[in-house]
Amino acid sequence: MLAAIALLLLAPQQTPGVHLNQVGFYPDGEKIAVVVGAQGDEFWVAPANGGEPVFSGKLEPPREHPAWGAPARRADFSALRSPGQYRLEVPGVGASPSFEIAPEVHAEVARGAMKAFYYHRVSAPALPEYAGRWARPAGHPDDRVRVHPSAASPGRPAGTVISAPYGWYDAGDYNKYVVSSGISTGTLLALIEDYPEAVVGLETDIPESGDRVPDLLDEVLWNVRWMLSMQDPGDGGVYHKLTTAEFSGMVMPHEDTAPRFVVQKSTAAALNLAAVAAQASRVLRRYPEAAPGLADSLLHAAVAAWQWAREHPDVLYDQGGLNRRFDPDIETGAYGDRNLADEFAWAAAELLVTTGQDSFYRAVPVLADSAVTVPAWNSVRTLAYYTLVRFVDSLPPAAADELEQVRGRLITAADSLAAGAEDHPYRVPMGANPRDFVWGSSGVAANQGMLLLYAHRLTGEPRYLQRALDNLDYLLGRNPTGYSFLTGFGDRTPMHPHHRPSQADGVEDPVPGWLSGGPNPGRQDGCDYPSTVPALAYVDDLCSYASNEVAINWNAPFVYLALGVEAEMGD
């Protein structure tokens, strides 16, 4: 705490402003703005295009938190329910960005964040009729990928050329990583299973739109097919990533023509494929016309990957060690993970539910002794818990006996997230603990919201839904930076994300629908930041890969949060 206060004292003065969800609010929902720098007590809401105020109120007393900057005051205008476009004004501070009050106010947000994955498709163009200004040629066919010496096997010696097309670019770079794909794909498949009716209505205007399969599933299958291609058919092991030796320059995908490699098999990659393939297999059985035979192939691949991982339980990806032993050196993202107990748990839970065989569940300790954690690419046990509670009525005895513990732990974790929000100056679960502000803090906020939605689904208690909505408000502008972190949505959004297509395409606006990484006091990129205060340690600059990059594993929980809130608020 003392360190955080010291950082606050050293930081530049925070600019006065009105911070709120720049997209909007539900007519019957709570509506909170946060004001910094107010000298008086009054605020009012007026039509965005001018006119007399339609609502007035008093600001709440100032609250402060050492990780969040200057004292802030809330403006509660929940009583305003009339649909329309508005601004909130505070004398001496100014007006907020414009916002809307409307039913289904986050529908376009969910659609835009899902459409971002289409822009990131590998081995395909972004076509003008679907991508508009952000159309581009196909990049990285990945039909002639080399087996790196670290990945060599008797059936595929070093230098063997294989085909591994499709998938999504991982982040601001052009590589594909199984472990970040795993949590991203698993999160989107969970959305399909948890909110099937909302998913059917999520039309994203992609080439597959109009078929008999939800657009979200069509998009997910683009990546699932790539993940399948990363499995060595000879032994079931899975390559850790498909990558160039070094990060490319700031060029368009089709201009990055450096050789690409599949690199070392890893236990983490095998377990990620086992989990995702098992989950995708059961989802596809609801849509047999989507890809005949693929559900069977996925389950076969899942079991083979599980068996390889059980036989090789500690093959860790160590990029430094790999580069001391093999040529060429690989300098791209490592996604190294030294604790794989959570990956074993997730794969076991997905295989259990898909096959009905409790031998998978008994093989590893799915229920951990520790508390539930918010999911991240290297911490996926909670995804196992989500699956177990989703299928509570069909679990075999081995899992059903422990289900109350799983349920209780999820609710306890949600209670912990919700507990600090009410007294927090911005009234959000995010950042009540300053350690939330890590690399990819926006993904932390989205995953917190996802966990809160599960607590709401388990209990029916409205407070969990409201706290999830509060985190969505945070991501869309109710934060001290004044940014809506989703490109293209809001009056003030990132214009210079660390994202190669947005930098190189010649279009002023970045590719829309991408969630910027968010405040990160670690500032590992060495760029100039306007503040060292944790919640303000963000800069909208291309150089800032530590705070302003995008990534599929942050967008996926954001899609879940936005569409889940839409579905729950519409009930």
# chains A, B, ... in the order shown; residues from 1 in each chain; ligands from 1
>>> residues_around(residues="stretch 389-393 of chain A", least_positions_apart="4", cutoff="12 Å", atoms="only C-alpha atoms", output="CSV table (one decimal) with C-alpha atoms, in the first residue's frame")
chain,number,residue,atom,x,y,z
A,190,ALA,CA,-18.4,-22.0,-23.4
A,191,LEU,CA,-20.4,-19.0,-24.7
A,192,ILE,CA,-22.1,-21.2,-27.3
A,193,GLU,CA,-23.0,-23.7,-24.6
A,194,ASP,CA,-24.1,-21.2,-22.0
A,195,TYR,CA,-26.1,-18.8,-24.2
A,349,ALA,CA,-13.2,-32.2,-17.2
A,350,GLU,CA,-13.9,-31.7,-21.0
A,352,LEU,CA,-15.4,-36.5,-18.9
A,353,VAL,CA,-18.4,-34.5,-20.1
A,354,THR,CA,-18.0,-35.3,-23.7
A,356,GLY,CA,-19.2,-39.7,-20.0
A,382,THR,CA,-11.6,-22.5,-13.6
A,383,LEU,CA,-12.6,-23.4,-17.1
A,384,ALA,CA,-12.9,-27.0,-15.8
A,385,TYR,CA,-15.2,-25.7,-13.1
A,397,PRO,CA,-20.8,-40.0,-9.7
A,399,ALA,CA,-17.6,-35.7,-10.4
A,400,ALA,CA,-21.1,-35.1,-9.0
A,401,ASP,CA,-19.9,-35.9,-5.5
A,402,GLU,CA,-17.6,-32.9,-5.6
A,403,LEU,CA,-19.9,-30.5,-7.4
A,404,GLU,CA,-21.0,-28.6,-4.4
A,405,GLN,CA,-17.4,-27.8,-3.6
A,406,VAL,CA,-16.9,-26.5,-7.1
A,407,ARG,CA,-20.1,-24.4,-7.0
A,408,GLY,CA,-19.2,-23.0,-3.6
A,409,ARG,CA,-15.7,-22.0,-4.7
A,410,LEU,CA,-17.0,-20.2,-7.7
A,411,ILE,CA,-19.5,-18.3,-5.6
A,454,TYR,CA,-21.4,-17.7,-13.7
A,455,ALA,CA,-22.2,-16.8,-10.1
A,457,ARG,CA,-26.3,-18.1,-13.3
A,458,LEU,CA,-25.7,-20.4,-10.3
A,459,THR,CA,-27.6,-18.3,-7.8
>>> closest_atom_pairs(of="stretch 303-333 of chain A", to="stretch 234-254 of chain A", cutoff="7 Å", atoms="only C-alpha atoms", output="Markdown table")
| residue | atom | partner | partner_atom | distance |
| --- | --- | --- | --- | --- |
| A:Ala304 | CA | A:Gly236 | CA | 4.9 |
| A:Ala305 | CA | A:Gly236 | CA | 5.0 |
| A:Trp308 | CA | A:Gly237 | CA | 5.7 |
| A:Pro328 | CA | A:Ala245 | CA | 6.8 |
| A:Asp329 | CA | A:Ala245 | CA | 6.3 |
| A:Ile330 | CA | A:Ala245 | CA | 4.5 |
| A:Glu331 | CA | A:Glu246 | CA | 5.0 |
| A:Thr332 | CA | A:Glu246 | CA | 5.6 |
>>> residues_around(residues="stretch 36-51 of chain A", least_positions_apart="2", cutoff="8 Å", atoms="only C-alpha atoms", output="PyMOL selection string")
chain A and resi 15-18+34+53-60+70-73+75+84-93+98-99
>>> atom_distance(atom1="atom CA of A:Ala274", atom2="atom CA of A:Arg310")
11.3 Å
>>> residues_around(residues="stretch 114-121 of chain A", least_positions_apart="6", cutoff="8 Å", atoms="only C-alpha atoms", output="NGL selection string")
:A and (131 or 134 or 166-169 or 204-206 or 216 or 219 or 222 or 511-514 or 552 or 555-556 or 559)
>>> residues_around(residues="A:Ala110", least_positions_apart="3", cutoff="9 Å", atoms="only C-alpha atoms", output="short mmCIF file (atom, residue, chain, number, x, y, z; two decimals) with N, CA, C and O atoms, in the first residue's frame")
data_model
loop_
_atom_site.label_atom_id
_atom_site.label_comp_id
_atom_site.auth_asym_id
_atom_site.auth_seq_id
_atom_site.Cartn_x
_atom_site.Cartn_y
_atom_site.Cartn_z
N HIS A 106 -25.62 -3.16 -25.79
CA HIS A 106 -24.29 -3.73 -26.03
C HIS A 106 -24.27 -4.78 -27.13
O HIS A 106 -23.26 -5.48 -27.30
N ALA A 107 -25.33 -4.88 -27.88
CA ALA A 107 -25.38 -5.89 -28.95
C ALA A 107 -24.31 -5.63 -30.00
O ALA A 107 -23.62 -6.55 -30.45
N ALA A 113 -16.74 -7.08 -31.32
CA ALA A 113 -15.60 -7.80 -30.72
C ALA A 113 -15.48 -9.20 -31.31
O ALA A 113 -14.37 -9.74 -31.43
N MET A 114 -16.60 -9.80 -31.69
CA MET A 114 -16.53 -11.11 -32.35
C MET A 114 -16.04 -10.97 -33.78
O MET A 114 -15.25 -11.79 -34.27
N LYS A 115 -16.46 -9.92 -34.47
CA LYS A 115 -16.03 -9.71 -35.86
C LYS A 115 -14.51 -9.51 -35.94
O LYS A 115 -13.89 -9.82 -36.97
N LEU A 202 -26.26 -13.74 -32.95
CA LEU A 202 -25.04 -12.96 -33.12
C LEU A 202 -24.56 -13.06 -34.57
O LEU A 202 -23.68 -13.85 -34.90
N GLY A 513 -13.07 -3.38 -32.99
CA GLY A 513 -13.49 -4.51 -32.19
C GLY A 513 -12.41 -5.17 -31.37
O GLY A 513 -12.66 -6.21 -30.75
N PHE A 558 -14.07 -10.91 -23.45
CA PHE A 558 -14.87 -9.70 -23.65
C PHE A 558 -16.13 -10.04 -24.43
O PHE A 558 -17.22 -9.54 -24.10
N VAL A 559 -16.02 -10.84 -25.47
CA VAL A 559 -17.21 -11.27 -26.22
C VAL A 559 -18.18 -11.98 -25.28
O VAL A 559 -19.40 -11.73 -25.31
N TYR A 560 -17.64 -12.89 -24.46
CA TYR A 560 -18.51 -13.61 -23.52
C TYR A 560 -19.21 -12.63 -22.59
O TYR A 560 -20.43 -12.72 -22.37
N LEU A 561 -18.47 -11.68 -22.03
CA LEU A 561 -19.04 -10.72 -21.09
C LEU A 561 -20.12 -9.88 -21.75
O LEU A 561 -21.22 -9.73 -21.21
N ALA A 562 -19.82 -9.31 -22.91
CA ALA A 562 -20.78 -8.42 -23.56
C ALA A 562 -22.05 -9.16 -23.96
O ALA A 562 -23.16 -8.68 -23.73
N LEU A 563 -21.90 -10.33 -24.58
CA LEU A 563 -23.09 -11.06 -25.02
C LEU A 563 -23.82 -11.67 -23.83
O LEU A 563 -25.06 -11.73 -23.82
N GLU A 566 -25.83 -8.96 -22.28
CA GLU A 566 -26.99 -8.71 -23.15
C GLU A 566 -28.08 -9.75 -22.91
O GLU A 566 -29.27 -9.41 -22.78
#
>>> closest_residue(among="A:Asn433, A:Asn21, A:Ser181, A:Asn339", to="A:His65", atoms="only C-alpha atoms")
A:Asn433
>>> residues_around(residues="stretch 541-550 of chain A", least_positions_apart="4", cutoff="9 Å", atoms="only C-alpha atoms", output="JSON, numbers by chain")
{"A": [170, 171, 172, 438, 439, 440, 441, 485, 494, 495, 496, 497, 498, 499, 503, 514, 515, 516, 517, 518, 519, 520, 521, 522, 523, 524, 525, 526, 527, 528, 529, 537, 554, 555]}
